[in-house]
>>> print(open('run31.txt').read())   # compact mmCIF, C-alpha atoms
# COMPACT_ATOMS: atom_id res chain seq x y z
CA MET S 1 165.92 85.19 157.80
CA SER S 2 164.76 88.80 157.42
CA VAL S 3 161.07 89.54 157.93
CA PHE S 4 161.16 93.08 156.53
CA THR S 5 162.58 92.04 153.14
CA HIS S 6 160.49 88.88 152.88
CA VAL S 7 158.47 88.72 149.66
CA ASP S 8 155.25 88.23 151.66
CA PHE S 9 155.89 91.03 154.17
CA ASP S 10 153.05 93.54 153.68
CA GLN S 11 153.73 96.26 156.23
CA HIS S 12 152.77 93.87 159.04
CA GLU S 13 152.51 95.62 162.39
CA GLN S 14 154.13 92.86 164.40
CA VAL S 15 155.72 89.44 163.82
CA VAL S 16 156.64 87.55 166.99
CA TYR S 17 158.48 84.27 167.46
CA GLY S 18 157.70 82.10 170.47
CA HIS S 19 159.67 79.17 171.90
CA ASP S 20 159.17 77.09 175.02
CA LYS S 21 161.96 74.63 175.72
CA ALA S 22 159.99 72.46 178.16
CA SER S 23 157.08 71.73 175.82
CA GLY S 24 158.96 72.03 172.55
CA LEU S 25 156.72 74.86 171.31
CA LYS S 26 157.98 76.67 168.23
CA ALA S 27 155.45 79.21 166.97
CA ILE S 28 155.05 82.46 165.07
CA ILE S 29 152.29 85.05 165.49
CA ALA S 30 151.81 87.72 162.83
CA ILE S 31 149.62 90.79 163.28
CA HIS S 32 149.00 92.35 159.90
CA ASP S 33 146.62 95.25 160.55
CA SER S 34 144.57 96.36 163.55
CA THR S 35 142.84 99.37 161.98
CA LEU S 36 139.35 97.97 162.50
CA GLY S 37 139.98 96.16 165.78
CA PRO S 38 142.11 93.50 167.48
CA ALA S 39 143.78 91.08 165.07
CA LEU S 40 141.89 87.81 164.98
CA GLY S 41 142.97 84.66 163.19
CA GLY S 42 143.27 80.94 163.69
CA CYS S 43 146.11 78.98 165.21
CA ARG S 44 147.40 76.53 162.60
CA MET S 45 149.57 73.53 163.50
CA TRP S 46 151.49 72.03 160.62
CA ASN S 47 154.64 70.00 160.10
CA TYR S 48 156.36 72.67 158.01
CA ALA S 49 159.44 71.54 156.10
CA SER S 50 161.29 74.69 157.18
CA ASP S 51 160.98 77.81 159.31
CA GLU S 52 160.85 79.77 156.05
CA GLN S 53 157.69 77.93 155.01
CA ALA S 54 156.10 78.66 158.38
CA LEU S 55 156.96 82.36 158.12
CA ARG S 56 155.60 82.59 154.58
CA ASP S 57 152.36 80.93 155.67
CA VAL S 58 151.78 83.16 158.69
CA LEU S 59 152.54 86.33 156.72
CA ARG S 60 150.19 85.43 153.88
CA LEU S 61 147.43 84.13 156.14
CA SER S 62 147.46 87.15 158.46
CA ARG S 63 147.13 89.54 155.52
CA GLY S 64 144.23 87.47 154.24
CA MET S 65 142.54 87.75 157.63
CA THR S 66 142.73 91.56 157.49
CA TYR S 67 141.00 91.60 154.13
CA LYS S 68 138.57 88.86 155.17
CA SER S 69 137.38 90.84 158.19
CA ALA S 70 137.12 94.05 156.18
CA LEU S 71 135.05 92.46 153.41
CA ALA S 72 132.81 90.79 156.00
CA ARG S 73 132.31 94.16 157.75
CA LEU S 74 133.66 92.94 161.08
CA PRO S 75 135.25 95.12 163.80
CA LEU S 76 138.41 93.03 163.67
CA GLY S 77 141.92 93.23 162.30
CA GLY S 78 143.95 90.45 160.75
CA GLY S 79 146.37 88.09 162.43
CA LYS S 80 147.46 84.47 162.40
CA ALA S 81 149.46 82.00 164.44
CA VAL S 82 151.35 78.93 163.28
CA ILE S 83 152.81 76.15 165.40
CA ILE S 84 155.62 74.20 163.78
CA GLY S 85 154.89 70.55 164.55
CA ASP S 86 153.04 67.39 163.62
CA PRO S 87 149.30 67.91 164.29
CA HIS S 88 148.74 64.14 164.50
CA HIS S 89 151.57 63.09 166.78
CA GLY S 90 153.12 66.26 168.22
CA LYS S 91 150.37 67.61 170.47
CA SER S 92 150.49 67.83 174.25
CA GLU S 93 148.69 69.72 176.98
CA ALA S 94 151.94 71.47 177.89
CA LEU S 95 152.44 72.61 174.27
CA PHE S 96 149.07 74.35 174.11
CA GLN S 97 149.43 75.80 177.58
CA ALA S 98 152.67 77.37 176.39
CA MET S 99 150.89 78.59 173.26
CA GLY S 100 148.22 80.15 175.45
CA ASP S 101 150.93 81.99 177.38
CA PHE S 102 152.44 83.16 174.08
CA VAL S 103 149.10 84.56 172.90
CA ASP S 104 148.52 86.19 176.27
CA SER S 105 151.88 87.94 176.12
CA LEU S 106 150.52 90.15 173.33
CA GLY S 107 147.94 91.65 175.70
CA GLY S 108 144.88 91.23 173.49
CA ARG S 109 146.35 92.65 170.28
CA TYR S 110 145.90 89.15 168.83
CA VAL S 111 142.95 86.82 169.46
CA THR S 112 143.31 83.20 168.38
CA ALA S 113 140.88 80.48 167.29
CA ALA S 114 140.93 76.98 165.79
CA ASP S 115 142.46 76.34 162.38
CA SER S 116 144.00 73.48 160.40
CA GLY S 117 145.56 71.08 162.88
CA THR S 118 143.80 72.51 165.93
CA GLY S 119 140.26 72.37 167.27
CA VAL S 120 138.00 72.99 170.24
CA ALA S 121 140.06 70.76 172.58
CA GLU S 122 143.21 72.80 171.95
CA MET S 123 141.36 76.10 172.31
CA ARG S 124 140.07 74.99 175.71
CA ILE S 125 143.59 74.27 176.90
CA MET S 126 144.79 77.64 175.66
CA ALA S 127 141.80 79.33 177.33
CA GLU S 128 143.18 78.14 180.68
CA ARG S 129 146.10 80.53 180.15
CA THR S 130 144.57 83.42 178.21
CA ARG S 131 141.19 85.04 177.67
CA HIS S 132 142.24 86.03 174.14
CA VAL S 133 140.95 82.85 172.55
CA ALA S 134 137.67 82.09 170.77
CA GLY S 135 135.85 78.85 170.07
CA ALA S 136 136.40 77.23 173.47
CA GLY S 137 132.82 77.35 174.77
CA GLN S 138 129.27 76.34 173.84
CA ARG S 139 127.23 78.23 171.24
CA GLU S 140 123.65 78.47 170.03
CA ALA S 141 123.17 76.32 166.93
CA PHE S 142 121.43 77.54 163.76
CA GLY S 143 118.58 75.07 164.14
CA GLY S 144 118.18 75.47 167.88
CA GLY S 145 119.94 73.79 170.77
CA SER S 146 123.65 74.18 171.40
CA ARG S 147 126.95 73.28 169.78
CA ASP S 148 130.59 73.59 170.66
CA GLY S 149 132.72 76.53 169.56
CA ASP S 150 134.00 74.91 166.35
CA PRO S 151 133.46 77.54 163.60
CA SER S 152 133.82 75.06 160.72
CA PRO S 153 130.03 74.66 160.17
CA SER S 154 129.82 78.42 159.62
CA THR S 155 132.78 78.32 157.24
CA ALA S 156 131.11 75.52 155.28
CA TYR S 157 127.80 77.40 155.15
CA GLY S 158 129.49 80.56 153.89
CA VAL S 159 131.27 78.64 151.11
CA PHE S 160 127.95 77.03 150.18
CA ILE S 161 126.38 80.49 149.91
CA GLY S 162 129.36 81.61 147.84
CA ILE S 163 129.04 78.68 145.44
CA GLN S 164 125.40 79.57 144.92
CA ALA S 165 126.44 83.12 144.00
CA ALA S 166 129.19 81.90 141.65
CA VAL S 167 126.90 79.41 139.90
CA ALA S 168 124.25 82.08 139.44
CA HIS S 169 126.76 84.52 137.95
CA ARG S 170 128.80 82.18 135.75
CA LEU S 171 126.20 79.57 134.77
CA GLY S 172 122.98 81.56 135.14
CA ARG S 173 121.46 78.93 137.39
CA LEU S 174 119.37 79.88 140.40
CA ASN S 175 119.70 76.55 142.21
CA LEU S 176 122.29 73.80 142.59
CA GLN S 177 120.14 70.88 141.42
CA GLY S 178 122.38 68.70 139.24
CA VAL S 179 125.39 71.03 139.51
CA ARG S 180 128.61 68.98 139.45
CA VAL S 181 131.11 69.82 142.21
CA ALA S 182 134.59 68.40 142.80
CA ILE S 183 135.71 68.88 146.40
CA GLN S 184 139.39 68.63 147.27
CA GLY S 185 139.55 67.90 150.99
CA VAL S 186 136.59 66.56 152.95
CA GLY S 187 137.67 67.20 156.51
CA GLN S 188 135.50 69.21 158.88
CA VAL S 189 134.77 72.09 156.51
CA GLY S 190 134.84 70.09 153.27
CA PHE S 191 132.49 67.43 154.57
CA GLY S 192 130.10 70.05 155.95
CA LEU S 193 130.10 71.76 152.57
CA ALA S 194 129.56 68.44 150.80
CA LYS S 195 126.51 67.73 152.95
CA LEU S 196 124.98 71.13 152.19
CA LEU S 197 125.63 70.65 148.47
CA LYS S 198 124.16 67.15 148.53
CA ASP S 199 121.02 68.41 150.26
CA ALA S 200 120.74 71.08 147.54
CA GLY S 201 120.81 68.44 144.80
CA ALA S 202 124.42 68.75 143.64
CA GLN S 203 126.49 65.81 142.36
CA LEU S 204 129.75 65.29 144.23
CA TRP S 205 133.25 64.03 143.49
CA VAL S 206 135.71 64.02 146.41
CA THR S 207 139.33 63.41 147.28
CA ASP S 208 141.41 63.73 150.45
CA ILE S 209 144.84 62.71 151.71
CA PHE S 210 143.05 60.70 154.40
CA GLU S 211 141.14 57.74 153.01
CA ALA S 212 138.74 57.65 155.97
CA ASN S 213 137.47 61.13 155.04
CA VAL S 214 136.81 60.00 151.48
CA GLN S 215 134.98 56.87 152.56
CA ARG S 216 132.75 58.87 154.93
CA ALA S 217 131.70 61.14 152.04
CA VAL S 218 131.10 58.13 149.80
CA SER S 219 129.08 56.14 152.33
CA GLN S 220 127.09 59.00 153.88
CA LEU S 221 126.62 61.33 150.93
CA GLY S 222 126.87 59.10 147.89
CA ALA S 223 129.89 61.02 146.60
CA THR S 224 132.20 59.53 143.97
CA ALA S 225 135.81 59.03 145.15
CA VAL S 226 138.64 60.07 142.84
CA GLY S 227 142.43 60.15 143.11
CA GLN S 228 144.23 63.18 144.49
CA HIS S 229 145.67 64.11 141.10
CA ASP S 230 142.53 63.22 139.15
CA ILE S 231 140.36 65.78 140.94
CA TYR S 232 141.63 68.65 138.76
CA GLY S 233 140.72 67.18 135.37
CA LEU S 234 137.10 66.27 136.06
CA ASP S 235 134.37 67.59 133.78
CA VAL S 236 132.51 69.46 136.53
CA ASP S 237 130.93 72.88 137.04
CA VAL S 238 132.72 73.81 140.26
CA PHE S 239 136.13 72.94 141.66
CA ALA S 240 136.05 73.49 145.45
CA PRO S 241 139.49 73.47 147.10
CA CYS S 242 138.97 72.78 150.81
CA ALA S 243 142.43 71.60 151.87
CA LEU S 244 145.66 73.60 152.16
CA GLY S 245 146.68 76.48 149.92
CA ALA S 246 148.73 77.07 146.77
CA ILE S 247 146.95 74.28 144.90
CA ILE S 248 146.08 76.51 141.92
CA ASN S 249 149.38 76.61 140.04
CA LEU S 250 150.64 76.30 136.48
CA GLN S 251 150.70 72.50 136.70
CA THR S 252 147.19 72.03 138.07
CA LEU S 253 145.78 74.65 135.72
CA GLU S 254 146.85 72.53 132.77
CA ALA S 255 144.39 69.89 133.92
CA LEU S 256 141.65 72.04 135.48
CA ARG S 257 138.43 72.10 133.44
CA ALA S 258 135.84 73.59 135.82
CA PRO S 259 134.54 77.07 134.87
CA ILE S 260 134.26 78.01 138.57
CA ILE S 261 136.78 77.77 141.42
CA ALA S 262 135.09 78.32 144.77
CA GLY S 263 136.26 76.66 147.97
CA ALA S 264 137.25 77.02 151.60
CA ALA S 265 141.05 76.78 151.42
CA ASN S 266 143.16 79.83 152.21
CA ASN S 267 145.71 81.22 149.74
CA GLN S 268 144.51 79.00 146.91
CA LEU S 269 146.60 80.73 144.23
CA ALA S 270 150.28 79.74 144.32
CA ASP S 271 151.07 83.10 142.72
CA ALA S 272 148.96 86.24 142.52
CA SER S 273 149.59 86.50 138.77
CA LEU S 274 147.51 83.36 138.22
CA ALA S 275 144.36 85.43 138.79
CA GLU S 276 144.88 87.09 135.41
CA LEU S 277 145.39 83.72 133.74
CA LEU S 278 142.10 82.51 135.21
CA ARG S 279 140.35 85.66 133.97
CA ARG S 280 141.65 85.13 130.45
CA ARG S 281 140.46 81.55 130.54
CA GLU S 282 137.01 82.78 131.66
CA CYS S 283 137.30 80.74 134.84
CA LEU S 284 135.41 82.49 137.63
CA TYR S 285 137.50 82.53 140.80
CA ALA S 286 135.85 83.31 144.14
CA PRO S 287 138.64 84.97 146.17
CA ASP S 288 139.28 82.72 149.13
CA TYR S 289 139.15 85.36 151.85
CA ALA S 290 135.78 86.54 150.54
CA ILE S 291 134.09 83.15 150.30
CA ASN S 292 135.49 81.48 153.43
CA ALA S 293 134.70 84.26 155.90
CA GLY S 294 131.95 82.31 157.68
CA GLY S 295 134.35 81.05 160.34
CA ILE S 296 135.63 84.46 161.39
CA ILE S 297 132.09 85.84 161.35
CA ASP S 298 131.17 82.99 163.72
CA VAL S 299 134.07 83.79 166.03
CA CYS S 300 133.19 87.49 166.03
CA TYR S 301 129.62 86.73 167.06
CA GLU S 302 130.88 84.55 169.89
CA ARG S 303 132.79 87.57 171.19
CA THR S 304 129.95 90.08 170.71
CA GLY S 305 127.10 87.82 171.83
CA GLY S 306 124.92 87.96 168.72
CA SER S 307 122.16 85.40 168.19
CA ALA S 308 122.35 82.39 165.87
CA ALA S 309 119.81 84.05 163.55
CA GLN S 310 121.94 87.20 163.34
CA LEU S 311 125.04 85.10 162.68
CA LYS S 312 123.31 83.15 159.90
CA ALA S 313 122.10 86.36 158.24
CA HIS S 314 125.58 87.88 158.39
CA ILE S 315 127.13 84.78 156.81
CA GLU S 316 124.54 84.94 154.04
CA GLY S 317 125.92 88.38 153.21
CA ILE S 318 128.88 86.57 151.64
CA GLY S 319 126.68 85.97 148.60
CA PRO S 320 125.95 89.63 147.76
CA THR S 321 129.60 90.55 148.46
CA LEU S 322 130.82 87.96 145.96
CA THR S 323 128.21 89.01 143.42
CA GLU S 324 129.47 92.60 143.67
CA ILE S 325 133.05 91.36 143.20
CA PHE S 326 132.07 89.30 140.14
CA GLN S 327 130.07 92.12 138.55
CA ARG S 328 132.73 94.78 139.14
CA ALA S 329 135.46 92.50 137.79
CA GLU S 330 133.44 91.80 134.66
CA ARG S 331 132.56 95.46 134.17
CA GLU S 332 136.14 96.68 134.63
CA GLY S 333 137.94 93.82 132.89
CA ALA S 334 139.82 93.12 136.12
CA THR S 335 140.52 89.99 138.11
CA THR S 336 138.23 89.08 140.98
CA THR S 337 141.21 89.19 143.35
CA ALA S 338 142.07 92.76 142.32
CA ILE S 339 138.48 93.86 142.92
CA ALA S 340 138.26 92.02 146.25
CA ASP S 341 141.52 93.61 147.40
CA ARG S 342 140.26 97.04 146.35
CA MET S 343 136.94 96.59 148.16
CA ALA S 344 138.75 95.46 151.31
CA ARG S 345 141.06 98.48 151.21
CA GLU S 346 138.06 100.77 150.67
CA ARG S 347 136.46 99.39 153.81
CA LEU S 348 139.73 99.64 155.76
CA GLN S 349 140.02 103.30 154.81
CA GLY S 350 136.37 104.16 155.22
CA GLY S 351 135.64 102.13 158.35
CA LEU S 352 132.67 99.84 158.85
>>> encode(input="run31.txt", output="structure tokens")
Amino acid sequence: MSVFTHVDFDQHEQVVYGHDKASGLKAIIAIHDSTLGPALGGCRMWNYASDEQALRDVLRLSRGMTYKSALARLPLGGGKAVIIGDPHHGKSEALFQAMGDFVDSLGGRYVTAADSGTGVAEMRIMAERTRHVAGAGQREAFGGGSRDGDPSPSTAYGVFIGIQAAVAHRLGRLNLQGVRVAIQGVGQVGFGLAKLLKDAGAQLWVTDIFEANVQRAVSQLGATAVGQHDIYGLDVDVFAPCALGAIINLQTLEALRAPIIAGAANNQLADASLAELLRRRECLYAPDYAINAGGIIDVCYERTGGSAAQLKAHIEGIGPTLTEIFQRAEREGATTTAIADRMARERLQGGL
């Protein structure tokens, strides 16, 4: 398997494979770009069907982190780590100690954090072996008091801000009262987003591969449960993908009716060419690495020591960034992804 000729290789600075026989660790770390600072990105654990799938994921995700940090005006580069394994049954203390050693071997060029399949508990184990990990300690909460280092509330808040911006641009509505939102995936981020939307007066439809997540949203938030395949065809204002990526494809687009796609999932488009199809259909797409930047902003503030108020204000900057993307795309007849990529490259070249 060649990295350099891989379709998703994008001049990555470093791609490293790690294996620990004793713990069974099989992992890949990709550093895409460190122009603005050390590469920061989450550590994902997933039961990939093949090593090729894992490599594709880490290459795409690390590139997205570069652009995410640049658009969010953070002094960070882009990187990602993936662990090949079952996040529900394949975890052990030894596995994450070995992963901590793997991260540490890069000498600070890559800083890791929680992602799909990992959380605060795993970050704390890794922090025993490396200082290049974020999200392992206590933080100041938005409303006062303290919270753990889980960045998912900040991710959810940023997506909420982004949905507000998208609704204002596409529907001309200045609040979310009565706005209909279909959320695919109501785990930590998706449920946090659902709660914010509910509090803002939105109507919710939810689905998830785990029934317990769906029932929590139904019982606590009054959401309507729908089947995993039915979520695409709902007559709603916003489709919010908050699970894994590549769920916007030719098959799902046949059913999708929402005029806005705005959610927390990474790499939502199965193919970059789908952005043009969405534009032609007048479906407003909020580029994932622009709208879901709240988590990395949170992690950056943990490292720099900013206050909760400063963090909240920075996350709220996602709204104006998306509005600029939407307006430029409309003005230039371009896709929102093309404009977001261009803005990220402008910031990479021009600095913060």
>>> residues_around(input="run31.txt", residues="S:Ile125", least_positions_apart="2", cutoff="8 Å", atoms="only C-alpha atoms", output="PyMOL selection string")
chain S and resi 93+96-97+100+121-123+127-129
>>> closest_residue(input="run31.txt", among="S:Lys21, S:Arg73, S:His12, S:Arg124", to="S:Gly317", atoms="all atoms listed in the file")
S:Arg73
>>> residues_around(input="run31.txt", residues="stretch 332-348 of chain S", least_positions_apart="2", cutoff="8 Å", atoms="all atoms listed in the file", output="list in words")
Thr35, Leu36, Tyr67, Lys68, Ala70, Leu71, Arg73, Ala275, Glu276, Arg279, Leu284, Tyr285, Ala286, Pro287, Ala290, Ile325, Phe326, Arg328, Ala329, Glu330, Gly350, Gly351 and Leu352 of chain S
>>> atom_distance(input="run31.txt", atom1="atom CA of S:His88", atom2="atom CA of S:Phe102")
21.6 Å
>>> closest_residue(input="run31.txt", among="S:Ala313, S:Leu221, S:Leu74, S:Val159", to="S:Asn292", atoms="all atoms listed in the file")
S:Val159
>>> residues_around(input="run31.txt", residues="S:Ser307", least_positions_apart="5", cutoff="12 Å", atoms="all atoms listed in the file", output="list in words")
Arg139, Glu140, Ala141, Phe142, Gly143, Gly144, Ser146, Asp298, Cys300, Tyr301, Glu302, Lys312, Ala313 and His314 of chain S
>>> closest_residue(input="run31.txt", among="S:Val179, S:Ala54, S:Ala49, S:Met126", to="S:Ala94", atoms="only C-alpha atoms")
S:Met126
>>> atom_distance(input="run31.txt", atom1="atom CA of S:Val7", atom2="atom CA of S:Gly117")
25.5 Å
>>> decode(input="run31.txt", residues="stretch 153-172 of chain S", atoms="N, CA, C and O atoms", output="short mmCIF file (atom, residue, chain, number, x, y, z; two decimals), in the first residue's frame")
data_model
loop_
_atom_site.label_atom_id
_atom_site.label_comp_id
_atom_site.auth_asym_id
_atom_site.auth_seq_id
_atom_site.Cartn_x
_atom_site.Cartn_y
_atom_site.Cartn_z
N PRO S 153 -19.02 19.29 24.11
CA PRO S 153 -19.97 20.40 24.28
C PRO S 153 -19.62 21.62 23.42
O PRO S 153 -20.51 22.30 22.90
N SER S 154 -18.33 21.87 23.26
CA SER S 154 -17.91 23.00 22.42
C SER S 154 -18.16 22.71 20.94
O SER S 154 -18.54 23.60 20.18
N THR S 155 -17.96 21.45 20.54
CA THR S 155 -18.28 21.08 19.16
C THR S 155 -19.76 21.29 18.90
O THR S 155 -20.15 21.87 17.88
N ALA S 156 -20.60 20.81 19.83
CA ALA S 156 -22.05 20.95 19.67
C ALA S 156 -22.46 22.42 19.61
O ALA S 156 -23.30 22.80 18.78
N TYR S 157 -21.85 23.24 20.46
CA TYR S 157 -22.21 24.66 20.47
C TYR S 157 -21.82 25.33 19.16
O TYR S 157 -22.57 26.14 18.60
N GLY S 158 -20.65 24.98 18.62
CA GLY S 158 -20.23 25.56 17.36
C GLY S 158 -21.15 25.17 16.21
O GLY S 158 -21.46 25.99 15.35
N VAL S 159 -21.60 23.91 16.19
CA VAL S 159 -22.53 23.48 15.15
C VAL S 159 -23.86 24.20 15.30
O VAL S 159 -24.48 24.60 14.31
N PHE S 160 -24.30 24.41 16.52
CA PHE S 160 -25.53 25.17 16.78
C PHE S 160 -25.41 26.58 16.22
O PHE S 160 -26.31 27.08 15.52
N ILE S 161 -24.27 27.23 16.49
CA ILE S 161 -24.03 28.57 15.95
C ILE S 161 -24.04 28.53 14.42
O ILE S 161 -24.60 29.42 13.75
N GLY S 162 -23.43 27.49 13.86
CA GLY S 162 -23.39 27.35 12.41
C GLY S 162 -24.76 27.14 11.79
O GLY S 162 -25.05 27.67 10.71
N ILE S 163 -25.61 26.37 12.46
CA ILE S 163 -26.97 26.17 11.96
C ILE S 163 -27.74 27.48 11.98
O ILE S 163 -28.49 27.79 11.04
N GLN S 164 -27.54 28.27 13.01
CA GLN S 164 -28.17 29.59 13.04
C GLN S 164 -27.76 30.41 11.82
O GLN S 164 -28.61 31.06 11.18
N ALA S 165 -26.47 30.40 11.50
CA ALA S 165 -25.97 31.17 10.35
C ALA S 165 -26.56 30.63 9.04
O ALA S 165 -26.94 31.41 8.15
N ALA S 166 -26.64 29.32 8.91
CA ALA S 166 -27.16 28.71 7.68
C ALA S 166 -28.65 29.00 7.51
O ALA S 166 -29.11 29.31 6.40
N VAL S 167 -29.40 28.93 8.59
CA VAL S 167 -30.84 29.21 8.54
C VAL S 167 -31.08 30.67 8.19
O VAL S 167 -31.97 30.99 7.39
N ALA S 168 -30.28 31.55 8.74
CA ALA S 168 -30.42 32.97 8.43
C ALA S 168 -30.13 33.22 6.96
O ALA S 168 -30.85 33.99 6.29
N HIS S 169 -29.10 32.58 6.42
CA HIS S 169 -28.72 32.83 5.03
C HIS S 169 -29.70 32.19 4.05
O HIS S 169 -30.12 32.83 3.08
N ARG S 170 -30.03 30.93 4.28
CA ARG S 170 -30.84 30.19 3.29
C ARG S 170 -32.33 30.44 3.45
O ARG S 170 -33.07 30.53 2.46
N LEU S 171 -32.80 30.57 4.70
CA LEU S 171 -34.24 30.71 4.94
C LEU S 171 -34.65 32.12 5.35
O LEU S 171 -35.84 32.41 5.45
N GLY S 172 -33.67 32.97 5.62
CA GLY S 172 -33.98 34.34 6.03
C GLY S 172 -34.61 34.45 7.39
O GLY S 172 -35.30 35.43 7.68
#
